[in-house]
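Visitor: Structure: target_35.tsv, TSV, N, CA and C atoms.
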```
chain	number	residue	atom	x	y	z
A	89	MET	N	16.69	37.91	-33.65
A	89	MET	CA	17.25	37.66	-32.34
A	89	MET	C	16.96	36.21	-31.95
A	90	GLU	N	17.97	35.49	-31.57
A	90	GLU	CA	17.83	34.09	-31.20
A	90	GLU	C	18.04	33.95	-29.70
A	91	LEU	N	17.10	33.26	-29.06
A	91	LEU	CA	17.22	33.02	-27.63
A	91	LEU	C	17.79	31.63	-27.44
A	92	ARG	N	18.87	31.53	-26.71
A	92	ARG	CA	19.51	30.25	-26.43
A	92	ARG	C	19.58	30.05	-24.93
A	93	VAL	N	19.20	28.89	-24.51
A	93	VAL	CA	19.30	28.55	-23.09
A	93	VAL	C	20.10	27.26	-23.00
A	94	ASP	N	21.27	27.35	-22.40
A	94	ASP	CA	22.08	26.16	-22.24
A	94	ASP	C	21.39	25.19	-21.30
A	95	GLY	N	21.37	23.93	-21.69
A	95	GLY	CA	20.76	22.91	-20.84
A	95	GLY	C	19.25	22.88	-20.89
A	96	LEU	N	18.64	23.52	-21.90
A	96	LEU	CA	17.18	23.57	-21.98
A	96	LEU	C	16.58	22.17	-22.07
A	97	GLU	N	17.20	21.29	-22.83
A	97	GLU	CA	16.67	19.93	-22.98
A	97	GLU	C	16.62	19.22	-21.63
A	98	GLU	N	17.65	19.38	-20.82
A	98	GLU	CA	17.67	18.74	-19.51
A	98	GLU	C	16.61	19.34	-18.59
A	99	ILE	N	16.38	20.65	-18.71
A	99	ILE	CA	15.36	21.31	-17.90
A	99	ILE	C	13.98	20.79	-18.26
A	100	VAL	N	13.72	20.65	-19.56
A	100	VAL	CA	12.42	20.14	-20.01
A	100	VAL	C	12.23	18.70	-19.56
A	101	LYS	N	13.26	17.87	-19.71
A	101	LYS	CA	13.17	16.47	-19.28
A	101	LYS	C	12.88	16.39	-17.79
A	102	ALA	N	13.54	17.21	-17.00
A	102	ALA	CA	13.32	17.20	-15.55
A	102	ALA	C	11.89	17.64	-15.22
A	103	ALA	N	11.38	18.62	-15.95
A	103	ALA	CA	10.02	19.10	-15.71
A	103	ALA	C	8.99	18.03	-16.06
A	104	VAL	N	9.21	17.32	-17.16
A	104	VAL	CA	8.29	16.24	-17.55
A	104	VAL	C	8.34	15.12	-16.52
A	105	LYS	N	9.54	14.75	-16.09
A	105	LYS	CA	9.69	13.69	-15.09
A	105	LYS	C	8.97	14.08	-13.80
A	106	GLN	N	9.11	15.32	-13.37
A	106	GLN	CA	8.45	15.79	-12.16
A	106	GLN	C	6.93	15.77	-12.33
A	107	ALA	N	6.44	16.19	-13.49
A	107	ALA	CA	4.99	16.21	-13.73
A	107	ALA	C	4.42	14.80	-13.70
A	108	ILE	N	5.12	13.84	-14.29
A	108	ILE	CA	4.65	12.46	-14.27
A	108	ILE	C	4.67	11.91	-12.85
A	109	TRP	N	5.71	12.23	-12.11
A	109	TRP	CA	5.77	11.79	-10.71
A	109	TRP	C	4.59	12.34	-9.93
A	110	GLU	N	4.26	13.62	-10.14
A	110	GLU	CA	3.14	14.22	-9.43
A	110	GLU	C	1.82	13.58	-9.84
A	111	LEU	N	1.66	13.25	-11.14
A	111	LEU	CA	0.45	12.57	-11.58
A	111	LEU	C	0.33	11.21	-10.92
A	112	ASN	N	1.44	10.51	-10.82
A	112	ASN	CA	1.42	9.18	-10.22
A	112	ASN	C	1.19	9.24	-8.72
A	113	ALA	N	1.60	10.33	-8.09
A	113	ALA	CA	1.43	10.47	-6.65
A	113	ALA	C	-0.03	10.76	-6.30
A	114	THR	N	-0.77	11.25	-7.26
A	114	THR	CA	-2.17	11.59	-7.04
A	114	THR	C	-3.04	10.59	-7.77
A	115	LYS	N	-3.88	9.92	-7.03
A	115	LYS	CA	-4.78	8.94	-7.63
A	115	LYS	C	-6.19	9.52	-7.59
A	116	PRO	N	-6.66	10.07	-8.71
A	116	PRO	CA	-7.98	10.67	-8.71
A	116	PRO	C	-9.07	9.65	-8.39
A	117	PRO	N	-10.12	10.06	-7.67
A	117	PRO	CA	-11.18	9.14	-7.28
A	117	PRO	C	-11.83	8.44	-8.48
A	118	GLN	N	-12.00	9.13	-9.59
A	118	GLN	CA	-12.66	8.54	-10.75
A	118	GLN	C	-11.82	7.45	-11.40
A	119	SER	N	-10.58	7.34	-11.02
A	119	SER	CA	-9.72	6.31	-11.62
A	119	SER	C	-9.84	4.98	-10.89
A	120	GLY	N	-10.60	4.95	-9.80
A	120	GLY	CA	-10.72	3.72	-9.03
A	120	GLY	C	-9.42	3.36	-8.33
A	121	GLY	N	-8.58	4.35	-8.05
A	121	GLY	CA	-7.32	4.09	-7.38
A	121	GLY	C	-6.20	3.68	-8.31
A	122	VAL	N	-6.47	3.62	-9.61
A	122	VAL	CA	-5.46	3.26	-10.59
A	122	VAL	C	-4.75	4.52	-11.05
A	123	ARG	N	-3.44	4.43	-11.18
A	123	ARG	CA	-2.66	5.59	-11.62
A	123	ARG	C	-2.99	5.94	-13.06
A	124	LEU	N	-2.95	7.21	-13.37
A	124	LEU	CA	-3.19	7.66	-14.74
A	124	LEU	C	-2.04	7.23	-15.64
A	125	TRP	N	-0.81	7.37	-15.18
A	125	TRP	CA	0.37	6.95	-15.94
A	125	TRP	C	1.02	5.80	-15.20
A	126	MET	N	1.33	4.74	-15.94
A	126	MET	CA	1.88	3.53	-15.33
A	126	MET	C	3.12	3.08	-16.08
A	127	ASN	N	4.05	2.46	-15.33
A	127	ASN	CA	5.17	1.83	-16.02
A	127	ASN	C	4.66	0.49	-16.57
A	128	LYS	N	5.52	-0.24	-17.25
A	128	LYS	CA	5.07	-1.48	-17.89
A	128	LYS	C	4.58	-2.51	-16.89
A	129	THR	N	5.24	-2.62	-15.76
A	129	THR	CA	4.83	-3.60	-14.75
A	129	THR	C	3.45	-3.24	-14.19
A	130	GLN	N	3.25	-1.96	-13.89
A	130	GLN	CA	1.96	-1.52	-13.37
A	130	GLN	C	0.85	-1.71	-14.40
A	131	ALA	N	1.16	-1.41	-15.67
A	131	ALA	CA	0.16	-1.56	-16.74
A	131	ALA	C	-0.22	-3.03	-16.91
A	132	ALA	N	0.76	-3.92	-16.85
A	132	ALA	CA	0.47	-5.35	-16.98
A	132	ALA	C	-0.42	-5.81	-15.82
A	133	GLU	N	-0.13	-5.35	-14.62
A	133	GLU	CA	-0.96	-5.69	-13.46
A	133	GLU	C	-2.37	-5.13	-13.62
A	134	TYR	N	-2.49	-3.90	-14.14
A	134	TYR	CA	-3.79	-3.27	-14.35
A	134	TYR	C	-4.64	-4.09	-15.31
A	135	ILE	N	-4.02	-4.56	-16.39
A	135	ILE	CA	-4.76	-5.34	-17.39
A	135	ILE	C	-4.97	-6.77	-16.92
A	136	GLY	N	-4.07	-7.25	-16.05
A	136	GLY	CA	-4.16	-8.62	-15.57
A	136	GLY	C	-3.43	-9.60	-16.46
A	137	ILE	N	-2.29	-9.14	-17.02
A	137	ILE	CA	-1.49	-9.97	-17.91
A	137	ILE	C	-0.03	-9.94	-17.47
A	138	SER	N	0.79	-10.76	-18.09
A	138	SER	CA	2.21	-10.76	-17.78
A	138	SER	C	2.91	-9.62	-18.54
A	139	ARG	N	4.12	-9.31	-18.11
A	139	ARG	CA	4.93	-8.30	-18.82
A	139	ARG	C	5.20	-8.75	-20.24
A	140	GLN	N	5.40	-10.05	-20.43
A	140	GLN	CA	5.69	-10.58	-21.77
A	140	GLN	C	4.50	-10.36	-22.71
A	141	VAL	N	3.30	-10.60	-22.21
A	141	VAL	CA	2.10	-10.38	-23.03
A	141	VAL	C	1.94	-8.88	-23.29
A	142	LEU	N	2.23	-8.05	-22.29
A	142	LEU	CA	2.15	-6.60	-22.49
A	142	LEU	C	3.09	-6.16	-23.61
A	143	GLU	N	4.31	-6.69	-23.60
A	143	GLU	CA	5.27	-6.35	-24.66
A	143	GLU	C	4.70	-6.73	-26.03
A	144	SER	N	4.02	-7.86	-26.09
A	144	SER	CA	3.40	-8.30	-27.34
A	144	SER	C	2.31	-7.32	-27.77
A	145	LEU	N	1.49	-6.87	-26.81
A	145	LEU	CA	0.43	-5.91	-27.13
A	145	LEU	C	1.02	-4.58	-27.61
A	146	ILE	N	2.11	-4.17	-27.01
A	146	ILE	CA	2.79	-2.94	-27.45
A	146	ILE	C	3.25	-3.11	-28.90
A	147	GLY	N	3.76	-4.29	-29.21
A	147	GLY	CA	4.16	-4.58	-30.58
A	147	GLY	C	3.00	-4.55	-31.56
A	148	GLU	N	1.78	-4.81	-31.04
A	148	GLU	CA	0.58	-4.79	-31.87
A	148	GLU	C	-0.06	-3.40	-31.93
A	149	GLY	N	0.54	-2.43	-31.23
A	149	GLY	CA	0.03	-1.06	-31.34
A	149	GLY	C	-0.49	-0.43	-30.07
A	150	LEU	N	-0.42	-1.12	-28.93
A	150	LEU	CA	-0.83	-0.49	-27.68
A	150	LEU	C	0.02	0.75	-27.45
A	151	PRO	N	-0.62	1.92	-27.28
A	151	PRO	CA	0.15	3.16	-27.15
A	151	PRO	C	1.05	3.18	-25.90
A	152	VAL	N	2.28	3.61	-26.11
A	152	VAL	CA	3.26	3.72	-25.03
A	152	VAL	C	4.10	4.96	-25.30
A	153	ALA	N	4.50	5.65	-24.24
A	153	ALA	CA	5.34	6.84	-24.39
A	153	ALA	C	6.73	6.52	-23.83
A	154	LYS	N	7.75	6.86	-24.59
A	154	LYS	CA	9.12	6.63	-24.15
A	154	LYS	C	9.65	7.88	-23.46
A	155	LEU	N	10.14	7.68	-22.25
A	155	LEU	CA	10.77	8.78	-21.52
A	155	LEU	C	12.28	8.66	-21.67
A	156	THR	N	12.99	9.43	-20.91
A	156	THR	CA	14.45	9.37	-20.95
A	156	THR	C	14.95	8.06	-20.37
A	157	ALA	N	16.15	7.71	-20.69
A	157	ALA	CA	16.85	6.55	-20.15
A	157	ALA	C	16.11	5.24	-20.40
A	158	GLY	N	15.40	5.17	-21.53
A	158	GLY	CA	14.73	3.93	-21.89
A	158	GLY	C	13.53	3.56	-21.06
A	159	ARG	N	13.00	4.50	-20.31
A	159	ARG	CA	11.80	4.24	-19.50
A	159	ARG	C	10.56	4.47	-20.36
A	160	TYR	N	9.55	3.66	-20.12
A	160	TYR	CA	8.30	3.76	-20.85
A	160	TYR	C	7.15	3.93	-19.87
A	161	VAL	N	6.12	4.67	-20.28
A	161	VAL	CA	4.91	4.81	-19.48
A	161	VAL	C	3.70	4.63	-20.39
A	162	LEU	N	2.63	4.14	-19.79
A	162	LEU	CA	1.39	3.94	-20.51
A	162	LEU	C	0.30	4.70	-19.79
A	163	ASN	N	-0.62	5.27	-20.56
A	163	ASN	CA	-1.71	6.05	-20.00
A	163	ASN	C	-2.94	5.16	-19.84
A	164	LYS	N	-3.57	5.22	-18.67
A	164	LYS	CA	-4.74	4.39	-18.37
A	164	LYS	C	-5.83	4.55	-19.43
A	165	HIS	N	-6.12	5.77	-19.83
A	165	HIS	CA	-7.18	6.01	-20.80
A	165	HIS	C	-6.82	5.44	-22.17
A	166	ASP	N	-5.54	5.55	-22.55
A	166	ASP	CA	-5.09	4.97	-23.82
A	166	ASP	C	-5.24	3.45	-23.80
A	167	ILE	N	-4.88	2.84	-22.66
A	167	ILE	CA	-5.01	1.38	-22.52
A	167	ILE	C	-6.48	0.98	-22.67
A	168	ASP	N	-7.35	1.66	-21.91
A	168	ASP	CA	-8.77	1.33	-21.93
A	168	ASP	C	-9.36	1.48	-23.34
A	169	ASP	N	-9.05	2.59	-23.99
A	169	ASP	CA	-9.56	2.84	-25.34
A	169	ASP	C	-9.07	1.80	-26.33
A	170	TRP	N	-7.78	1.48	-26.25
A	170	TRP	CA	-7.18	0.51	-27.18
A	170	TRP	C	-7.80	-0.86	-27.00
A	171	LEU	N	-7.98	-1.27	-25.75
A	171	LEU	CA	-8.58	-2.58	-25.49
A	171	LEU	C	-10.04	-2.64	-25.93
A	172	LYS	N	-10.79	-1.55	-25.75
A	172	LYS	CA	-12.18	-1.52	-26.20
A	172	LYS	C	-12.27	-1.68	-27.71
A	173	LYS	N	-11.37	-1.05	-28.43
A	173	LYS	CA	-11.37	-1.14	-29.89
A	173	LYS	C	-11.07	-2.56	-30.37
A	174	ARG	N	-10.32	-3.30	-29.59
A	174	ARG	CA	-9.94	-4.68	-29.97
A	174	ARG	C	-11.00	-5.70	-29.57
A	175	ALA	N	-11.92	-5.30	-28.69
A	175	ALA	CA	-12.92	-6.27	-28.19
A	175	ALA	C	-13.94	-6.63	-29.25
```
Translate this file's structure into structure tokens.
Guide:
Amino acid sequence: MELRVDGLEEIVKAAVKQAIWELNATKPPQSGGVRLWMNKTQAAEYIGISRQVLESLIGEGLPVAKLTAGRYVLNKHDIDDWLKKRA
């Protein structure tokens, strides 16, 4: 028996988008007010670099997640861990 749900991909994408929005709307105290998930501009500001330098770091392996419509997000913990390994 095969279960098929029309539009399942769109439903999952919408759920992920909503979850990320909710994560961004909540700034946990232990994060120092920094969002857990950031777009490229926010991530560059968090690190204290330009968007161009951030793009270069992504090219060197800084973890980034691609969402729908060409949007990218970076996780604060991934950024911190990656930078510590490079220090």
Visitor: One decimal, in Å: what's the spacing between atom N of Leu171 (chain A) and atom N of Pro151 (chain A)?
Guide: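 Going from atom N of Leu171 (chain A) over to atom N of Pro151 (chain A) covers 8.2 Å.
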Visitor: Just give me the gap between CA of Arg123 (chain A) and CA of Gln106 (chain A) in Å, one decimal is fine.
Guide: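 Computed distance, CA of Arg123 (chain A) to CA of Gln106 (chain A), equals 15.1 Å.
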Visitor: With distances taken over only C-alpha atoms, which of A:Ala131, A:Leu150, A:Ile99, A:Val122 is nearest to Lys173 (chain A)?
Guide: A:Leu150
Visitor: One decimal, in Å: what's the spacing between CA of Asn127 (chain A) and atom N of Asn163 (chain A)?
Guide: 8.1 Å
Visitor: Taking only N, CA and C atoms into account, which of A:Lys164, A:Gln140, A:Asp169, A:Leu155 comes nearest Leu124 (chain A)?
Guide: A:Lys164
